[in-house]
$ cat target_9.cif   # mmCIF, C-alpha atoms and all ligand atoms
data_start
#
loop_
_atom_site.label_atom_id
_atom_site.label_comp_id
_atom_site.auth_asym_id
_atom_site.auth_seq_id
_atom_site.Cartn_x
_atom_site.Cartn_y
_atom_site.Cartn_z
CA MET A 1 122.62 97.77 108.93
CA THR A 2 121.78 94.14 109.71
CA THR A 3 119.34 92.94 112.34
CA ASP A 4 117.24 89.80 112.51
CA THR A 5 114.18 91.61 113.87
CA ALA A 6 113.78 93.70 110.68
CA LYS A 7 113.18 90.68 108.41
CA GLU A 8 109.82 90.52 106.64
CA VAL A 9 108.76 93.92 107.91
CA ILE A 10 108.00 95.42 104.50
CA THR A 11 104.72 94.20 103.06
CA LYS A 12 105.14 95.38 99.44
CA LYS A 13 108.33 95.34 97.38
CA ASN A 14 109.31 95.72 93.74
CA GLN A 15 111.53 93.31 91.81
CA PHE A 16 114.62 94.87 93.42
CA GLY A 17 113.30 94.27 96.95
CA ASN A 18 112.57 97.95 97.57
CA TYR A 19 109.52 99.77 98.89
CA GLU A 20 109.40 103.12 97.07
CA ILE A 21 107.87 106.49 97.89
CA ARG A 22 107.64 109.61 95.71
CA MET A 23 106.65 113.00 97.12
CA GLU A 24 105.40 115.76 94.81
CA SER A 25 105.68 119.17 96.40
CA ILE A 26 106.68 122.82 96.12
CA GLY A 27 109.95 124.16 97.52
CA GLY A 28 109.31 125.44 101.04
CA GLN A 29 106.74 122.79 102.03
CA GLY A 30 109.35 120.55 103.61
CA ALA A 31 109.11 117.40 101.46
CA ASN A 32 112.88 116.93 101.50
CA LEU A 33 112.92 117.01 105.31
CA ALA A 34 109.89 114.68 105.45
CA GLY A 35 111.80 112.17 103.32
CA LYS A 36 114.84 112.44 105.58
CA ILE A 37 112.73 111.91 108.71
CA LEU A 38 111.05 108.85 107.17
CA ALA A 39 114.30 107.22 106.07
CA ASP A 40 116.01 108.10 109.36
CA ALA A 41 113.17 106.55 111.40
CA ALA A 42 113.15 103.44 109.21
CA ILE A 43 116.91 102.97 109.68
CA MET A 44 117.33 104.01 113.31
CA ASP A 45 114.09 102.79 114.85
CA MET A 46 112.82 99.99 112.61
CA GLY A 47 116.09 98.29 111.65
CA LEU A 48 115.46 98.73 107.91
CA ASN A 49 117.76 100.04 105.20
CA GLY A 50 116.74 103.29 103.58
CA ILE A 51 117.75 106.24 101.43
CA SER A 52 116.16 109.62 100.79
CA PHE A 53 117.03 112.30 98.26
CA ALA A 54 115.28 115.11 96.41
CA SER A 55 115.41 116.95 93.11
CA TYR A 56 114.85 120.70 92.91
CA GLY A 57 114.32 123.27 90.24
CA SER A 58 116.81 126.09 89.76
CA GLU A 59 115.15 128.24 92.41
CA LYS A 60 114.30 126.09 95.43
CA LYS A 61 111.43 127.98 97.04
CA GLY A 62 108.26 128.01 94.98
CA THR A 63 109.38 125.51 92.34
CA PRO A 64 108.34 121.86 92.02
CA VAL A 65 110.34 119.55 94.26
CA ARG A 66 110.31 115.76 94.18
CA ALA A 67 111.54 113.74 97.14
CA TYR A 68 112.26 110.02 96.81
CA ILE A 69 112.55 107.41 99.56
CA ARG A 70 113.54 103.76 99.17
CA LEU A 71 113.28 101.26 101.98
CA ALA A 72 114.47 97.66 102.12
CA GLU A 73 114.85 94.89 104.66
CA SER A 74 118.01 95.05 106.76
CA ASP A 75 119.67 92.21 104.83
CA LYS A 76 119.00 93.86 101.46
CA GLU A 77 121.32 96.59 100.22
CA ILE A 78 119.79 99.48 98.31
CA ARG A 79 121.76 99.85 95.10
CA ILE A 80 119.43 102.09 93.10
CA ASN A 81 119.79 105.86 93.31
CA SER A 82 117.62 106.95 90.40
CA PRO A 83 114.26 108.75 90.76
CA VAL A 84 111.27 106.64 91.80
CA THR A 85 109.17 105.97 88.70
CA GLU A 86 106.51 103.53 89.98
CA PRO A 87 105.95 104.37 93.63
CA HIS A 88 104.13 102.14 96.08
CA LEU A 89 103.20 105.37 97.86
CA LEU A 90 102.68 108.74 96.21
CA VAL A 91 102.46 111.78 98.48
CA VAL A 92 100.98 114.97 97.00
CA PHE A 93 101.81 118.05 99.08
CA ALA A 94 100.23 120.47 96.59
CA PRO A 95 97.50 119.17 94.24
CA VAL A 96 97.77 122.41 92.24
CA LEU A 97 100.97 120.92 90.79
CA VAL A 98 98.76 118.85 88.52
CA LYS A 99 98.62 121.94 86.26
CA SER A 100 102.31 121.71 85.46
CA VAL A 101 103.71 118.32 86.56
CA PRO A 102 102.53 114.83 85.49
CA ILE A 103 102.19 113.68 89.09
CA MET A 104 100.16 110.53 88.31
CA ASN A 105 102.91 109.08 86.11
CA GLY A 106 103.71 105.51 87.06
CA ILE A 107 100.80 105.06 89.50
CA LYS A 108 99.44 101.52 89.23
CA PRO A 109 96.44 99.79 90.86
CA GLY A 110 97.38 98.73 94.38
CA ALA A 111 99.36 101.93 95.01
CA GLN A 112 98.54 104.25 97.90
CA ILE A 113 98.22 108.01 97.61
CA VAL A 114 98.26 110.60 100.40
CA VAL A 115 96.99 114.06 99.35
CA ASN A 116 97.00 117.36 101.21
CA THR A 117 93.61 118.75 100.23
CA THR A 118 90.47 120.48 101.40
CA LYS A 119 88.41 118.57 98.83
CA SER A 120 86.44 115.36 99.23
CA PRO A 121 88.13 112.09 98.11
CA GLU A 122 85.86 111.90 95.04
CA GLU A 123 86.69 115.48 94.01
CA THR A 124 90.38 114.79 94.65
CA ARG A 125 90.22 111.73 92.44
CA ASP A 126 88.70 113.77 89.60
CA LEU A 127 91.15 116.65 90.01
CA LEU A 128 94.23 114.42 89.95
CA LYS A 129 92.77 111.84 87.53
CA ILE A 130 93.59 108.97 89.84
CA PRO A 131 93.29 105.55 88.17
CA GLY A 132 91.07 102.82 89.64
CA GLY A 133 92.16 100.35 92.31
CA VAL A 134 94.23 102.85 94.31
CA THR A 135 93.87 103.58 98.03
CA LEU A 136 93.55 107.30 98.70
CA TYR A 137 94.08 109.17 101.97
CA CYS A 138 92.98 112.81 102.06
CA ILE A 139 94.15 115.13 104.79
CA ASP A 140 93.71 118.89 105.22
CA ALA A 141 97.33 119.20 106.31
CA MET A 142 97.46 122.95 105.80
CA LYS A 143 94.60 123.55 108.24
CA ILE A 144 96.30 121.41 110.89
CA ALA A 145 99.67 123.03 110.20
CA VAL A 146 98.23 126.52 110.64
CA GLU A 147 96.46 125.53 113.85
CA GLU A 148 99.54 123.85 115.33
CA LYS A 149 101.96 126.48 113.93
CA VAL A 150 104.13 123.97 112.04
CA ARG A 151 104.87 123.20 108.41
CA ILE A 152 102.71 120.61 106.67
CA ASN A 153 105.48 118.01 106.40
CA THR A 154 105.11 116.44 109.84
CA VAL A 155 101.30 116.41 109.50
CA ILE A 156 101.72 114.53 106.24
CA ILE A 157 104.11 112.06 107.89
CA GLY A 158 101.23 111.34 110.30
CA ALA A 159 98.93 110.55 107.36
CA ILE A 160 101.67 108.37 105.80
CA SER A 161 101.98 106.46 109.04
CA ARG A 162 98.23 105.78 108.89
CA ALA A 163 98.40 104.68 105.25
CA VAL A 164 101.48 102.43 105.33
CA GLU A 165 100.90 99.55 107.68
CA PHE A 166 104.52 98.57 108.23
CA LEU A 167 105.76 102.10 109.02
CA ASP A 168 105.66 102.08 112.78
CA LYS A 169 103.96 105.13 114.30
CA ASP A 170 106.25 105.22 117.35
CA ALA A 171 109.32 104.99 115.12
CA LEU A 172 108.15 107.95 113.02
CA GLU A 173 107.40 109.96 116.15
CA ALA A 174 110.91 109.20 117.39
CA GLY A 175 112.31 110.30 114.01
CA ILE A 176 110.50 113.65 114.22
CA ARG A 177 111.73 114.20 117.78
CA ARG A 178 115.32 113.43 116.80
CA MET A 179 115.23 115.76 113.79
CA PHE A 180 113.78 118.76 115.64
CA GLU A 181 115.57 118.29 118.97
CA LYS A 182 118.88 118.94 117.23
CA LYS A 183 118.10 122.35 115.79
CA TYR A 184 114.68 123.57 116.92
CA PRO A 185 113.80 122.06 120.30
CA ALA A 186 110.89 124.47 120.78
CA LEU A 187 109.24 122.97 117.70
CA VAL A 188 109.32 119.35 118.87
CA GLU A 189 105.96 119.26 120.64
CA PRO A 190 103.98 121.29 118.05
CA ASN A 191 105.29 118.97 115.33
CA ILE A 192 104.42 115.86 117.34
CA LYS A 193 100.90 117.25 117.78
CA GLY A 194 100.67 117.91 114.04
CA PHE A 195 101.95 114.39 113.33
CA LYS A 196 99.34 112.81 115.62
CA ARG A 197 96.54 114.83 114.08
CA GLY A 198 97.72 113.83 110.61
CA TYR A 199 97.46 110.20 111.67
CA GLU A 200 94.01 110.60 113.20
CA GLU A 201 92.39 112.91 110.66
CA ALA A 202 93.47 111.27 107.38
CA ALA A 203 90.32 110.08 105.56
CA LEU A 204 90.53 106.74 103.75
CA TYR A 205 88.86 106.18 100.37
CA GLU A 206 89.17 103.04 98.28
CA VAL A 207 89.07 104.21 94.68
CA PRO A 208 86.79 101.82 92.73
CA ALA A 209 88.68 99.51 90.35
CA ASP A 210 87.19 101.11 87.22
CA ASP A 211 88.54 102.61 83.97
CA LYS A 212 87.51 106.21 84.68
CA TYR A 213 91.08 107.47 84.34
CA PRO A 214 93.80 105.56 82.45
CA ILE A 215 97.06 104.46 84.00
CA SER A 216 99.79 106.78 82.81
CA GLU A 217 103.14 105.09 82.35
CA PHE A 218 106.22 106.92 83.62
CA LYS A 219 107.94 108.81 80.81
CA GLN A 220 111.24 110.60 81.04
CA PHE A 221 110.93 114.26 79.98
CA GLN A 222 112.37 114.66 76.47
CA PRO A 223 113.30 118.21 75.41
CA LYS A 224 112.37 119.14 71.83
CA LEU A 225 115.90 120.29 71.08
CA GLY A 226 119.02 118.23 71.72
CA TRP A 227 122.60 118.01 70.48
CA LYS A 228 121.44 116.61 67.13
CA ASN A 229 118.92 119.32 66.19
CA ALA A 230 119.84 122.42 68.25
CA PRO A 231 120.38 125.60 66.11
CA ILE A 232 124.02 126.49 65.48
CA GLY A 233 125.46 128.60 68.27
CA GLY A 234 122.61 127.69 70.63
CA VAL A 235 120.57 130.58 69.22
CA ILE A 236 117.06 130.86 70.68
CA VAL A 237 114.99 131.08 67.51
CA ASN A 238 111.64 131.42 69.24
CA PRO A 239 112.07 133.62 72.31
CA GLY A 240 109.09 133.45 74.65
CA ASN A 241 107.72 135.64 77.37
CA THR A 242 106.05 135.06 80.69
CA VAL A 243 102.55 136.09 79.68
CA LEU A 244 101.28 132.51 79.94
CA ASN A 245 103.52 131.55 82.82
CA ASP A 246 101.06 130.48 85.52
CA LEU A 247 102.78 130.71 88.92
CA THR A 248 99.77 129.78 91.03
CA ALA A 249 101.39 126.39 91.60
CA SER A 250 104.25 128.16 93.41
CA ARG A 251 102.09 129.34 96.29
CA THR A 252 102.36 127.20 99.39
CA GLY A 253 98.89 127.78 100.84
CA PHE A 254 98.63 131.56 101.33
CA LYS A 255 97.99 134.52 99.08
CA PRO A 256 97.76 138.29 99.64
CA VAL A 257 94.29 139.81 99.76
CA TRP A 258 93.69 143.54 99.27
CA ASP A 259 91.23 145.67 101.24
CA GLU A 260 90.55 148.78 99.20
CA SER A 261 89.02 150.68 102.14
CA LYS A 262 92.35 150.69 104.02
CA CYS A 263 94.67 151.38 101.09
CA ILE A 264 96.39 154.81 100.84
CA ASN A 265 98.00 154.04 97.45
CA CYS A 266 101.51 154.50 98.82
CA ALA A 267 102.89 151.81 96.45
CA GLU A 268 105.15 150.24 99.11
CA CYS A 269 103.76 146.86 98.06
CA ASP A 270 104.58 147.52 94.42
CA THR A 271 108.17 148.34 95.34
CA ALA A 272 108.50 145.17 97.44
CA CYS A 273 106.94 142.68 95.04
CA PRO A 274 109.69 140.76 93.23
CA ASP A 275 107.36 139.75 90.40
CA GLN A 276 105.54 142.98 89.56
CA CYS A 277 102.21 141.50 90.55
CA ILE A 278 100.79 144.67 92.13
CA ILE A 279 99.02 146.43 89.31
CA PHE A 280 98.37 150.17 89.49
CA SER A 281 96.25 152.08 87.00
CA ARG A 282 95.66 155.75 86.22
CA LYS A 283 92.45 157.17 87.63
CA THR A 284 91.06 160.57 88.53
CA ASP A 285 91.04 161.45 92.24
CA GLU A 286 88.36 163.43 94.09
CA LYS A 287 90.09 166.73 93.12
CA GLY A 288 89.92 165.83 89.44
CA LYS A 289 93.65 165.06 89.26
CA GLU A 290 94.99 162.03 87.42
CA ARG A 291 96.97 159.69 89.68
CA GLN A 292 98.10 156.08 89.96
CA PHE A 293 95.83 153.92 92.11
CA PHE A 294 96.15 150.36 93.32
CA ASP A 295 94.05 148.34 90.88
CA HIS A 296 94.48 144.62 91.53
CA ILE A 297 96.85 141.77 92.31
CA ASP A 298 97.95 139.67 89.37
CA TYR A 299 97.37 136.28 90.97
CA MET A 300 98.53 134.35 87.92
CA HIS A 301 102.08 135.59 88.50
CA CYS A 302 101.96 135.90 92.30
CA LYS A 303 104.13 133.26 93.98
CA GLY A 304 102.79 133.91 97.48
CA CYS A 305 105.98 135.21 99.11
CA LEU A 306 103.83 137.73 101.08
CA ARG A 307 106.48 140.47 101.05
CA CYS A 308 103.74 142.90 100.05
CA VAL A 309 101.79 141.99 103.21
CA GLU A 310 104.85 142.60 105.38
CA VAL A 311 105.53 146.09 104.01
CA CYS A 312 101.98 147.46 103.83
CA PRO A 313 101.78 150.25 106.47
CA LYS A 314 97.96 150.13 106.70
CA GLN A 315 97.28 146.38 106.76
CA ALA A 316 95.40 146.86 103.52
CA LEU A 317 97.09 143.65 102.39
CA THR A 318 96.63 140.57 104.52
CA SER A 319 97.55 136.95 104.10
CA ALA A 320 94.66 134.58 103.42
CA ARG A 321 94.60 130.81 103.44
CA GLU A 322 94.18 129.44 99.95
CA ALA A 323 92.23 126.23 99.51
CA ALA A 324 94.50 123.29 98.60
CA GLU A 325 92.98 122.39 95.26
S1 LIG A 401 101.39 149.09 100.62
FE1 LIG A 401 99.29 148.86 101.40
S2 LIG A 401 98.53 150.93 101.52
FE2 LIG A 401 100.33 151.02 100.24
S3 LIG A 401 99.52 150.79 98.13
FE3 LIG A 401 100.04 148.76 98.86
S4 LIG A 401 98.12 147.97 99.69
FE4 LIG A 401 97.88 150.18 99.54
S1 LIG A 402 102.82 137.69 97.60
FE1 LIG A 402 102.85 139.88 97.18
S2 LIG A 402 105.01 140.39 96.94
FE2 LIG A 402 104.86 138.15 96.76
S3 LIG A 402 104.63 137.74 94.56
FE3 LIG A 402 102.55 137.91 95.39
S4 LIG A 402 101.97 140.04 95.12
FE4 LIG A 402 104.18 139.93 94.90
#
$ encode --input "target_9.cif" --output "structure tokens" --more "lines below"
Ligand code: SF4
Ligand code: SF4
Amino acid sequence: MTTDTAKEVITKKNQFGNYEIRMESIGGQGANLAGKILADAAIMDMGLNGISFASYGSEKKGTPVRAYIRLAESDKEIRINSPVTEPHLLVVFAPVLVKSVPIMNGIKPGAQIVVNTTKSPEETRDLLKIPGGVTLYCIDAMKIAVEEKVRINTVIIGAISRAVEFLDKDALEAGIRRMFEKKYPALVEPNIKGFKRGYEEAALYEVPADDKYPISEFKQFQPKLGWKNAPIGGVIVNPGNTVLNDLTASRTGFKPVWDESKCINCAECDTACPDQCIIFSRKTDEKGKERQFFDHIDYMHCKGCLRCVEVCPKQALTSAREAAE
């Protein structure tokens, strides 16, 4: 697309003339759609060029998802389709990802970071090990999303609009309207409200230009085994198990909570749980008989799908908001 009005809109560019955004999220949080809305608004309402794409794990919901957006002036074609390695803007939908994904890779002084968190900017900096000289915007997007009954993605677009000067707020609002009017017209206004609150409630923090946390260069993941050193026949010589597999990073803001006083030990939840996270144990009942009783929820392996909450006939399991760490 070529227009004269779009020239010199973008205030920061890399050597290829692109402004680059990377979003770190969990499948189900809507980062892919957020990227599409951003690129669509930039193209349709700001006269820029843009692309958006995402990379998923094998199972979309509950696994790490990265969305990438590149923007350029209208007279500059975008020729690069590889993942964004040194973003001008990093957007962290789920800080808990820091346990399993090197989300700070490629972040340099001068970058901006938007984080969905309940923590203070200083605590967020320490949790994510944010290097000095970065501008941080913290937003409790989950709280706003719950209150407005939307997903966190449009709230986060509001915070992005606050952080990135050249991304026009009206253009992004128009992009959200266009996206939701097509398929879910009833969700247009709640999402616009969430977007506006994201813009207004994002808290700015200039991270001091110190050496508290080092800059971590972007590194491509290198598997230990490749075609040169893989065992003959592709044999797995060291089979693992899931005992150390921490799935807390898969939860998108809610977890099941058990109320022992309401539980009748019917085991409906155990049958429904796809990950065997409802743990029963043998105990003696009041008549002296040995029986299986609900013991606890294995939160390390619970991915927060909340099927157990849906099936519980006594509301002994309820869904509770989990702090965005
Ligand atoms: S489904 Fe509800 S009542 Fe039944 S065992 Fe599970 S928590 Fe208890
Ligand atoms: S939310 Fe409930 S059903 Fe889903 S993984 Fe966790 S314990 Fe299992």
$ residues_around --input "target_9.cif" --residues "stretch 13-20 of chain A" --least-positions-apart "4" --cutoff "7 Å" --atoms "all atoms listed in the file" --output "PyMOL selection string"
chain A and resi 69-72+84+87-89
$ write_last_selection --input "target_9.cif" --atoms "C-alpha atoms" --output "CSV table (one decimal), in the frame of the given file"
chain,number,residue,atom,x,y,z
A,69,ILE,CA,112.6,107.4,99.6
A,70,ARG,CA,113.5,103.8,99.2
A,71,LEU,CA,113.3,101.3,102.0
A,72,ALA,CA,114.5,97.7,102.1
A,84,VAL,CA,111.3,106.6,91.8
A,87,PRO,CA,106.0,104.4,93.6
A,88,HIS,CA,104.1,102.1,96.1
A,89,LEU,CA,103.2,105.4,97.9
$ closest_atom_pairs --input "target_9.cif" --of "chain A" --to "ligand LIG 401 (chain A)" --cutoff "6 Å" --atoms "all atoms listed in the file" --output "tab-separated table"
residue	atom	partner	partner_atom	distance
A:Cys263	CA	A:LIG401	FE4	3.8
A:Ile264	CA	A:LIG401	S2	4.5
A:Asn265	CA	A:LIG401	S3	3.7
A:Cys266	CA	A:LIG401	FE2	3.9
A:Ala267	CA	A:LIG401	S3	3.9
A:Glu268	CA	A:LIG401	S1	4.2
A:Cys269	CA	A:LIG401	S1	4.1
A:Phe294	CA	A:LIG401	S3	5.9
A:Cys312	CA	A:LIG401	S1	3.6
A:Pro313	CA	A:LIG401	FE1	5.8
A:Lys314	CA	A:LIG401	S2	5.3
A:Ala316	CA	A:LIG401	S4	4.8
A:Leu317	CA	A:LIG401	S4	5.2
$ residues_near_ligand --input "target_9.cif" --ligand "ligand LIG 402 (chain A)" --cutoff "6 Å" --atoms "only C-alpha atoms and all ligand atoms" --output "PyMOL selection string"
chain A and resi 255-256+272-275+277-278+302-308
$ write_last_selection --input "target_9.cif" --atoms "C-alpha atoms" --output "PDB file, in the coordinates of the input"
ATOM      1  CA  LYS A 255      97.990 134.520  99.080  1.00  0.00           C
ATOM      2  CA  PRO A 256      97.760 138.290  99.640  1.00  0.00           C
ATOM      3  CA  ALA A 272     108.500 145.170  97.440  1.00  0.00           C
ATOM      4  CA  CYS A 273     106.940 142.680  95.040  1.00  0.00           C
ATOM      5  CA  PRO A 274     109.690 140.760  93.230  1.00  0.00           C
ATOM      6  CA  ASP A 275     107.360 139.750  90.400  1.00  0.00           C
ATOM      7  CA  CYS A 277     102.210 141.500  90.550  1.00  0.00           C
ATOM      8  CA  ILE A 278     100.790 144.670  92.130  1.00  0.00           C
ATOM      9  CA  CYS A 302     101.960 135.900  92.300  1.00  0.00           C
ATOM     10  CA  LYS A 303     104.130 133.260  93.980  1.00  0.00           C
ATOM     11  CA  GLY A 304     102.790 133.910  97.480  1.00  0.00           C
ATOM     12  CA  CYS A 305     105.980 135.210  99.110  1.00  0.00           C
ATOM     13  CA  LEU A 306     103.830 137.730 101.080  1.00  0.00           C
ATOM     14  CA  ARG A 307     106.480 140.470 101.050  1.00  0.00           C
ATOM     15  CA  CYS A 308     103.740 142.900 100.050  1.00  0.00           C
TER      16      CYS A 308
END
$ closest_residue --input "target_9.cif" --among "A:Phe218, A:Phe280, A:Trp258, A:Phe166" --to "A:Thr85" --atoms "only C-alpha atoms"
A:Phe218
$ residues_around --input "target_9.cif" --residues "A:Ala54" --least-positions-apart "4" --cutoff "10 Å" --atoms "all atoms listed in the file" --output "list in words"
Arg22, Met23, Ala31, Asn32, Leu33, Gly35, Lys36, Val65, Arg66, Ala67, Tyr68, Ile69 and Pro83 of chain A
$ closest_residue --input "target_9.cif" --among "A:Glu24, A:Glu217, A:Asp170, A:Asp298" --to "A:Leu90" --atoms "all atoms listed in the file"
A:Glu24
$ atom_distance --input "target_9.cif" --atom1 "atom CA of A:Tyr299" --atom2 "atom CA of A:Thr248"
6.9 Å
$ residues_around --input "target_9.cif" --residues "A:Ala163" --least-positions-apart "4" --cutoff "10 Å" --atoms "only C-alpha atoms" --output "compact mmCIF listing (two decimals) with C-alpha atoms, keeping the file's coordinate frame"
# COMPACT_ATOMS: atom_id res chain seq x y z
CA LEU A 89 103.20 105.37 97.86
CA GLN A 112 98.54 104.25 97.90
CA ILE A 113 98.22 108.01 97.61
CA VAL A 114 98.26 110.60 100.40
CA THR A 135 93.87 103.58 98.03
CA LEU A 136 93.55 107.30 98.70
CA TYR A 137 94.08 109.17 101.97
CA ILE A 157 104.11 112.06 107.89
CA GLY A 158 101.23 111.34 110.30
CA ALA A 159 98.93 110.55 107.36
CA LEU A 167 105.76 102.10 109.02
CA TYR A 199 97.46 110.20 111.67
CA ALA A 202 93.47 111.27 107.38
CA ALA A 203 90.32 110.08 105.56
CA LEU A 204 90.53 106.74 103.75
$ closest_residue --input "target_9.cif" --among "A:Pro102, A:Gly194, A:Gly175, A:Pro214" --to "A:Ala34" --atoms "all atoms listed in the file"
A:Gly175
$ decode --input "target_9.cif" --residues "stretch 17-80 of chain A" --atoms "C-alpha atoms" --output "mmCIF file, in the first residue's frame"
data_model
loop_
_atom_site.group_PDB
_atom_site.id
_atom_site.type_symbol
_atom_site.label_atom_id
_atom_site.label_comp_id
_atom_site.auth_asym_id
_atom_site.auth_seq_id
_atom_site.Cartn_x
_atom_site.Cartn_y
_atom_site.Cartn_z
ATOM 1 C CA GLY A 17 13.354 -0.143 8.022
ATOM 2 C CA ASN A 18 11.014 -2.218 10.188
ATOM 3 C CA TYR A 19 9.456 -1.604 13.586
ATOM 4 C CA GLU A 20 9.229 -5.008 15.285
ATOM 5 C CA ILE A 21 7.018 -6.427 18.028
ATOM 6 C CA ARG A 22 7.241 -9.811 19.757
ATOM 7 C CA MET A 23 4.438 -11.143 21.965
ATOM 8 C CA GLU A 24 5.117 -13.922 24.485
ATOM 9 C CA SER A 25 1.944 -15.682 25.534
ATOM 10 C CA ILE A 26 0.106 -18.919 26.218
ATOM 11 C CA GLY A 27 -2.295 -20.476 23.709
ATOM 12 C CA GLY A 28 -5.812 -19.247 24.502
ATOM 13 C CA GLN A 29 -4.827 -15.720 25.591
ATOM 14 C CA GLY A 30 -5.391 -14.271 22.138
ATOM 15 C CA ALA A 31 -1.902 -13.023 21.219
ATOM 16 C CA ASN A 32 -2.295 -14.180 17.617
ATOM 17 C CA LEU A 33 -5.525 -12.192 17.262
ATOM 18 C CA ALA A 34 -3.925 -9.178 18.986
ATOM 19 C CA GLY A 35 -1.135 -9.258 16.393
ATOM 20 C CA LYS A 36 -3.655 -9.461 13.559
ATOM 21 C CA ILE A 37 -5.654 -6.516 14.943
ATOM 22 C CA LEU A 38 -2.486 -4.422 15.299
ATOM 23 C CA ALA A 39 -1.239 -5.135 11.779
ATOM 24 C CA ASP A 40 -4.726 -4.689 10.307
ATOM 25 C CA ALA A 41 -5.149 -1.290 12.014
ATOM 26 C CA ALA A 42 -1.681 -0.177 10.909
ATOM 27 C CA ILE A 43 -2.433 -1.099 7.283
ATOM 28 C CA MET A 44 -6.077 -0.069 7.009
ATOM 29 C CA ASP A 45 -6.202 2.979 9.260
ATOM 30 C CA MET A 46 -2.656 4.341 9.412
ATOM 31 C CA GLY A 47 -1.483 3.744 5.845
ATOM 32 C CA LEU A 48 1.510 1.646 6.947
ATOM 33 C CA ASN A 49 2.705 -1.714 5.686
ATOM 34 C CA GLY A 50 2.518 -4.576 8.143
ATOM 35 C CA ILE A 51 2.590 -8.325 8.691
ATOM 36 C CA SER A 52 1.607 -10.519 11.622
ATOM 37 C CA PHE A 53 2.171 -14.213 12.216
ATOM 38 C CA ALA A 54 2.522 -16.571 15.161
ATOM 39 C CA SER A 55 4.288 -19.766 16.143
ATOM 40 C CA TYR A 56 2.574 -22.405 18.264
ATOM 41 C CA GLY A 57 3.540 -25.542 20.084
ATOM 42 C CA SER A 58 2.057 -28.881 19.088
ATOM 43 C CA GLU A 59 -1.023 -28.355 21.252
ATOM 44 C CA LYS A 60 -2.271 -24.795 20.814
ATOM 45 C CA LYS A 61 -4.147 -24.151 24.054
ATOM 46 C CA GLY A 62 -1.930 -24.001 27.115
ATOM 47 C CA THR A 63 1.402 -24.048 25.287
ATOM 48 C CA PRO A 64 3.763 -21.118 24.701
ATOM 49 C CA VAL A 65 2.783 -19.001 21.705
ATOM 50 C CA ARG A 66 4.845 -16.249 20.125
ATOM 51 C CA ALA A 67 3.242 -13.658 17.884
ATOM 52 C CA TYR A 68 5.349 -11.387 15.677
ATOM 53 C CA ILE A 69 4.384 -8.089 14.049
ATOM 54 C CA ARG A 70 6.467 -6.016 11.641
ATOM 55 C CA LEU A 71 5.482 -2.544 10.544
ATOM 56 C CA ALA A 72 7.065 -0.305 7.928
ATOM 57 C CA GLU A 73 6.343 2.961 6.167
ATOM 58 C CA SER A 74 3.988 2.692 3.190
ATOM 59 C CA ASP A 75 6.825 3.069 0.673
ATOM 60 C CA LYS A 76 8.882 0.299 2.287
ATOM 61 C CA GLU A 77 8.102 -3.318 1.487
ATOM 62 C CA ILE A 78 8.427 -5.866 4.275
ATOM 63 C CA ARG A 79 10.595 -8.680 2.954
ATOM 64 C CA ILE A 80 11.460 -10.468 6.192
#
